[in-house]
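Only one structure is covered here, and it is reproduced in the block below.
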Amino acid sequence: MKRISLTRYLVEQQREHGRIPAQLRMLIEVVARACKHIAIAVNKGALGDVLGSAHSENVQGEIQKKLDVISNEVLIEANEWGGHLAAMASEEMDSIHLVPNRYPQGEYLLLFDPLDGSSNIDVNVSIGTIFSVLRKVGHTHGVAEDDFLQPGKHQAAAGYCVYGPQTTLVLTLGDGVAMFTLDRETGSWVLTATDVRIPEDTQEFSINMSNQRHWAAPVQRYIGECLAGATGPRGKDFNMRWVGSMVADVHRILSRGGVFLYPWDAREPEKPGKLRLMYEANPMSFIVEQAGGLASTGVERIMDIVPGKLHERVAVVIGSKNEVLRVAACHAAGDADASSAA
Ligand code: AHG
Ligand code: MN
Ligand code: MN
């Protein structure tokens with residue numbers, strides 16, 4: 001079989017299909033190279049100084065792991081000097097990171113969750129990096145946080161890398177989804193899947209069941225119906241999978257279908273959800289929709305949300321089309337029940 005590298009794939013996207021400008025090609029190459037460096041650090045495990053806590057706290061109030069900090073630094077350093085970016089934003093940084101004056105400024109904005117699944121690092125379970133690319137649309141010189149506050153439907157590209165049994169890069173440029181596997185012998189990303197499609201139906205759901213008592217009624221109802229199995233209203237048995245790294249749970253859904261939920265819950269009622277709109281939900285939504293799936297909060301499409309702030313959180317229901325529609329129907333039925341009771 002002919003081996004196509006990520007470099008060749010991107011050159012062909014630029015040259016033959018005119019799908020991406022040179023700056024975006026450069027950006028994806030640089031992010032992919034940074035992911036390779038992160039993969040090497042991840043693989044060192046106890047042999048390197050990469051496990052355990054960094055004893056610092058991020059803007060979300062979470063204790064950072066050493067690999068959260070290392071991965072963030074790798075992505076910043078790799079992307080600063082190439083001339084393709086105007087600025088970056090990360091789950092691990094309080095505010096946006098401007099490209100230093102000594103380097104040329106490009107037209108793109110890069111957002112990332114440098115290390116997703118932090119609680120799985122020290123136990124040798126799959127983790128990943130998630131990224132999202134926006135165009136800087138304002139014509140003013142310089143860049144501000146406001147430039148980042150665009151709905152996910154305006155993303156120019158999105159992707160993630162899973163550091164698992166294999167290291168896999170998944171990418172969308174807005175025209176389908178492609179997967180690349182890292183060949184450790186040659187150090188190159190090799191195209192291993194194109195036109196990835198998520199089955200519309202599934203019998204597998206993914207949710208942190210320990211939060212069940214805190215969920216709102218529509219999610220209780222949806223999961224209750226799944227758990228009722230073949231003799232319940234769904235008329236079929238469901239299986240459950242929960243890795244605890246969104247990147248790995250979504251990767252399974254890209255590979256064989258399923259639905260992933262991280263809903264609002266009553267533990268922190270003032271927050272719409274746990275996951276971050278700009279670094280997790282939007283890029284995953286773009287990828288999943290490009291593969292024929294759907295991504296919703298339960299009441300609206302995630303990529304239609306106009307962000308109010310950089311570190312905004314959101315409820316997430318993502319994956320196989322018919323299952324996401326079913327969750328949305330439970331929410332709509334909840335509203336109907338509430339209005340008929342009023
Ligand atoms: P991060 O490691 O980037 O903070 O993200 C972890 C997220 C997500 O990957 C996962 O689905 C979820 O948090 C798990 O959280 P809980 O174990 O608290 O349910
Ligand atoms: Mn994350
Ligand atoms: Mn993270």
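Ordering of the structure tokens sets the chain letters (A, B, ...); residue numbers start at 1 within each chain; ligands are numbered from 1 in the order shown.
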
Legend entry - Spatial neighbours of Arg326 (chain A), max dist 8 Å, only C-alpha atoms, sep filter under 4 positions, as number ranges by chain: A: 222, 322, 330

Inset, instruction - Just the alpha helix (DSSP H) stuff from region 11-98 of chain A, please, per backbone DSSP, written as a PyMOL selection string. - result: chain A and resi 11-15+22-44+66-80

Those selected residues, please, written with C-alpha atoms and delivered as a short mmCIF file (atom, residue, chain, number, x, y, z; two decimals), in the first residue's frame.
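File produced: again-v9.cif:
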data_model
loop_
_atom_site.label_atom_id
_atom_site.label_comp_id
_atom_site.auth_asym_id
_atom_site.auth_seq_id
_atom_site.Cartn_x
_atom_site.Cartn_y
_atom_site.Cartn_z
CA VAL A 11 0.63 19.70 0.34
CA GLU A 12 -2.01 17.96 -1.79
CA GLN A 13 -4.83 19.65 0.12
CA GLN A 14 -3.15 22.99 -0.59
CA ARG A 15 -1.98 22.44 -4.17
CA ALA A 22 0.14 27.83 3.07
CA GLN A 23 -0.08 29.37 6.56
CA LEU A 24 -2.67 26.83 7.67
CA ARG A 25 -0.61 23.97 6.25
CA MET A 26 2.39 25.23 8.21
CA LEU A 27 0.28 25.55 11.36
CA ILE A 28 -0.97 21.94 11.18
CA GLU A 29 2.55 20.65 10.52
CA VAL A 30 3.87 22.53 13.54
CA VAL A 31 1.10 21.30 15.83
CA ALA A 32 1.65 17.72 14.61
CA ARG A 33 5.38 18.05 15.32
CA ALA A 34 4.64 19.37 18.80
CA CYS A 35 2.34 16.36 19.40
CA LYS A 36 5.24 14.09 18.47
CA HIS A 37 7.34 15.75 21.17
CA ILE A 38 4.53 15.37 23.69
CA ALA A 39 4.16 11.69 22.71
CA ILE A 40 7.86 11.15 23.44
CA ALA A 41 7.49 12.79 26.86
CA VAL A 42 4.35 10.71 27.60
CA ASN A 43 6.16 7.50 26.64
CA LYS A 44 9.06 8.18 29.01
CA LYS A 66 3.77 18.03 35.17
CA LEU A 67 2.62 16.85 31.73
CA ASP A 68 -0.06 19.59 31.56
CA VAL A 69 2.71 22.17 31.97
CA ILE A 70 5.25 20.40 29.71
CA SER A 71 2.70 19.94 26.89
CA ASN A 72 1.60 23.57 27.11
CA GLU A 73 5.22 24.74 26.84
CA VAL A 74 5.93 22.43 23.90
CA LEU A 75 2.93 23.79 21.96
CA ILE A 76 3.77 27.44 22.73
CA GLU A 77 7.45 27.11 21.78
CA ALA A 78 6.69 25.21 18.57
CA ASN A 79 4.13 27.74 17.37
CA GLU A 80 5.67 31.10 18.32
#

Inset, instruction - Let me have all residues with an atom within 6 Å of ligand 1, counting only C-alpha atoms and all ligand atoms, laid out as a list in words. - result: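 Every residue with an atom at most 6 Å from ligand 1 is listed here: Asp113, Leu115, Asp116, Gly117, Ser118, Asn208, Gly244, Ser245 and Met246 of chain A.
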
Dump C-alpha atoms for the selected residues as a JSON list (two decimals), in the first residue's frame?
[["chain", "number", "residue", "atom", "x", "y", "z"],
["A", 113, "ASP", "CA", -6.15, 21.61, 25.60],
["A", 115, "LEU", "CA", -3.09, 17.44, 27.77],
["A", 116, "ASP", "CA", -6.57, 15.99, 28.02],
["A", 117, "GLY", "CA", -7.27, 13.28, 30.56],
["A", 118, "SER", "CA", -4.81, 14.47, 33.21],
["A", 208, "ASN", "CA", -19.51, 9.37, 34.39],
["A", 244, "GLY", "CA", -12.18, 9.42, 31.64],
["A", 245, "SER", "CA", -10.18, 11.16, 28.88],
["A", 246, "MET", "CA", -12.61, 12.87, 26.51]]

Inset, instruction - Could you tell me which of A:Val190, A:Met303, A:Ala266, A:Val143 comes closest to Thr7 (chain A) if we count only C-alpha atoms? - result: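 Result for the nearest residue to Thr7 (chain A): A:Val190.
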
So that I can see what lies close to Val250 (chain A), please list as a JSON list (two decimals) with all heavy atoms, in the first residue's frame the residues with an atom at most 8 Å from it, counting only C-alpha atoms and leaving out residues fewer than 5 positions away in the same chain.
[["chain", "number", "residue", "atom", "x", "y", "z"],
["A", 260, "PHE", "N", -21.28, 10.24, 23.80],
["A", 260, "PHE", "CA", -20.56, 10.69, 24.99],
["A", 260, "PHE", "C", -21.32, 11.86, 25.59],
["A", 260, "PHE", "O", -21.72, 12.78, 24.86],
["A", 260, "PHE", "CB", -19.14, 11.13, 24.58],
["A", 260, "PHE", "CG", -18.36, 11.85, 25.65],
["A", 260, "PHE", "CD1", -17.46, 11.15, 26.47],
["A", 260, "PHE", "CD2", -18.49, 13.22, 25.84],
["A", 260, "PHE", "CE1", -16.73, 11.82, 27.45],
["A", 260, "PHE", "CE2", -17.75, 13.89, 26.82],
["A", 260, "PHE", "CZ", -16.88, 13.19, 27.63],
["A", 284, "MET", "N", -13.89, 19.10, 19.13],
["A", 284, "MET", "CA", -14.47, 17.75, 19.02],
["A", 284, "MET", "C", -15.78, 17.80, 18.24],
["A", 284, "MET", "O", -16.08, 16.87, 17.48],
["A", 284, "MET", "CB", -14.69, 17.16, 20.41],
["A", 284, "MET", "CG", -13.41, 16.79, 21.12],
["A", 284, "MET", "SD", -12.29, 15.85, 20.06],
["A", 284, "MET", "CE", -11.33, 14.96, 21.26],
["A", 319, "GLY", "N", -21.71, 12.56, 19.38],
["A", 319, "GLY", "CA", -21.49, 11.23, 18.82],
["A", 319, "GLY", "C", -22.49, 10.85, 17.76],
["A", 319, "GLY", "O", -22.91, 11.68, 16.95]]

Inset, instruction - With a distance cut-off of 9 Å and only C-alpha atoms, select the neighbouring residues of region 236-239 of chain A, excluding the residue or stretch itself and same-chain residues fewer than 5 positions from it, and output the selection as a PyMOL selection string. - result: chain A and resi 202-206+226-231

Inset, instruction - Write down as a ChimeraX atom specification the residues belonging to region 4-227 of chain A that are assigned strand (DSSP E or B) by DSSP computed on the backbone. - result: /A:5,53-57,63-65,85-90,97-98,108-116,127-135,157-163,167-172,177-183,188-193,204-206,215

Inset, instruction - Find the residues near His97 (chain A): any atom within 7 Å, counting only C-alpha atoms, skip ones fewer than 3 places away on the same chain, and give them as a VMD selection string. - result: chain A and resid 87 to 89

What's the 10 Å shell around Leu109 (chain A), counting only C-alpha atoms, without same-chain residues fewer than 6 positions away, as a CSV table (one decimal) with N, CA and C atoms, in the first residue's frame?
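And here is the file that came out, part14.csv:
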chain,number,residue,atom,x,y,z
A,27,LEU,N,0.8,25.6,10.0
A,27,LEU,CA,0.3,25.5,11.4
A,27,LEU,C,0.0,24.1,11.8
A,84,HIS,N,2.8,32.0,11.3
A,84,HIS,CA,1.5,31.6,10.9
A,84,HIS,C,0.4,32.0,11.9
A,85,LEU,N,0.8,32.4,13.1
A,85,LEU,CA,-0.2,32.7,14.2
A,85,LEU,C,-0.2,34.2,14.6
A,86,ALA,N,-1.3,34.6,15.0
A,86,ALA,CA,-1.4,35.9,15.7
A,86,ALA,C,-1.4,35.8,17.2
A,87,ALA,N,-2.0,34.7,17.7
A,87,ALA,CA,-2.0,34.4,19.1
A,87,ALA,C,-2.5,33.0,19.5
A,88,MET,N,-2.3,32.6,20.7
A,88,MET,CA,-2.7,31.3,21.2
A,88,MET,C,-3.5,31.4,22.5
A,89,ALA,N,-4.4,30.5,22.7
A,89,ALA,CA,-5.1,30.4,24.0
A,89,ALA,C,-5.1,28.9,24.4
A,96,ILE,N,-4.7,35.1,26.9
A,96,ILE,CA,-4.2,34.7,25.6
A,96,ILE,C,-2.6,35.0,25.5
A,98,LEU,N,0.3,36.2,23.2
A,98,LEU,CA,0.6,36.8,21.9
A,98,LEU,C,1.9,36.3,21.3
A,132,SER,N,-7.8,23.6,18.2
A,132,SER,CA,-8.8,24.3,17.3
A,132,SER,C,-8.2,25.5,16.7
A,133,VAL,N,-8.5,25.8,15.4
A,133,VAL,CA,-7.9,26.9,14.7
A,133,VAL,C,-9.0,27.8,14.2
A,134,LEU,N,-8.8,29.1,14.5
A,134,LEU,CA,-9.7,30.1,14.0
A,134,LEU,C,-8.9,31.1,13.2
A,135,ARG,N,-9.6,31.9,12.3
A,135,ARG,CA,-9.0,33.0,11.6
A,135,ARG,C,-9.2,34.2,12.4
A,136,LYS,N,-8.2,35.1,12.4
A,136,LYS,CA,-8.3,36.4,13.1
A,136,LYS,C,-9.1,37.3,12.1
A,137,VAL,N,-10.3,37.6,12.4
A,137,VAL,CA,-11.2,38.3,11.5
A,137,VAL,C,-11.1,39.8,11.5
A,143,VAL,N,-4.0,41.9,18.5
A,143,VAL,CA,-5.0,40.8,18.8
A,143,VAL,C,-5.4,40.9,20.3
A,147,ASP,N,-11.0,38.6,19.8
A,147,ASP,CA,-10.8,38.0,18.5
A,147,ASP,C,-11.1,36.4,18.6
A,148,PHE,N,-10.9,35.9,19.8
A,148,PHE,CA,-11.1,34.4,19.9
A,148,PHE,C,-12.6,34.0,20.1
A,155,GLN,N,-14.6,27.6,12.8
A,155,GLN,CA,-13.2,27.0,12.9
A,155,GLN,C,-12.7,26.7,11.5
A,156,ALA,N,-11.4,27.0,11.3
A,156,ALA,CA,-10.8,26.7,10.0
A,156,ALA,C,-10.3,25.2,10.0

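Residue nearest Gly18 (chain A) within the list A:Gly224, A:Asn124, A:Leu173, A:Asn282: A:Leu173 [criterion: smallest interatomic distance, only C-alpha atoms].
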
Legend entry - Selected residue of minimal separation from Gly334 (chain A) among A:Val299, A:Ser320, A:Ile198, A:Gly159, counting only C-alpha atoms: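 Looking only at the distances to Gly334 (chain A), the closest residue turns out to be A:Val299.
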
Legend entry - Of the listed residues A:Met240, A:Leu47, A:Ile127, A:Leu310, that which approaches ligand 2 most closely, counting only C-alpha atoms and all ligand atoms: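 Of A:Met240, A:Leu47, A:Ile127, A:Leu310, the one nearest ligand 2 is A:Ile127, counting only C-alpha atoms and all ligand atoms.
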
Inset, instruction - Give me, please, the distance in Å between CA of Ala193 (chain A) and CA of Tyr9 (chain A), quoted to one decimal. - result: 11.8 Å

Inset, instruction - Return the single residue from A:Gly82, A:Gly273, A:Gly128, A:Gly45 that is closest to ligand 3, with distances computed using only C-alpha atoms and all ligand atoms. - result: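 Ranked by minimum distance to ligand 3, first place goes to A:Gly128.
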
Legend entry - Pairwise distance for CA of Arg252 (chain A) and CA of Val162 (chain A), rounded to one decimal in Å: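 Distance between the two atoms: 10.6 Å.
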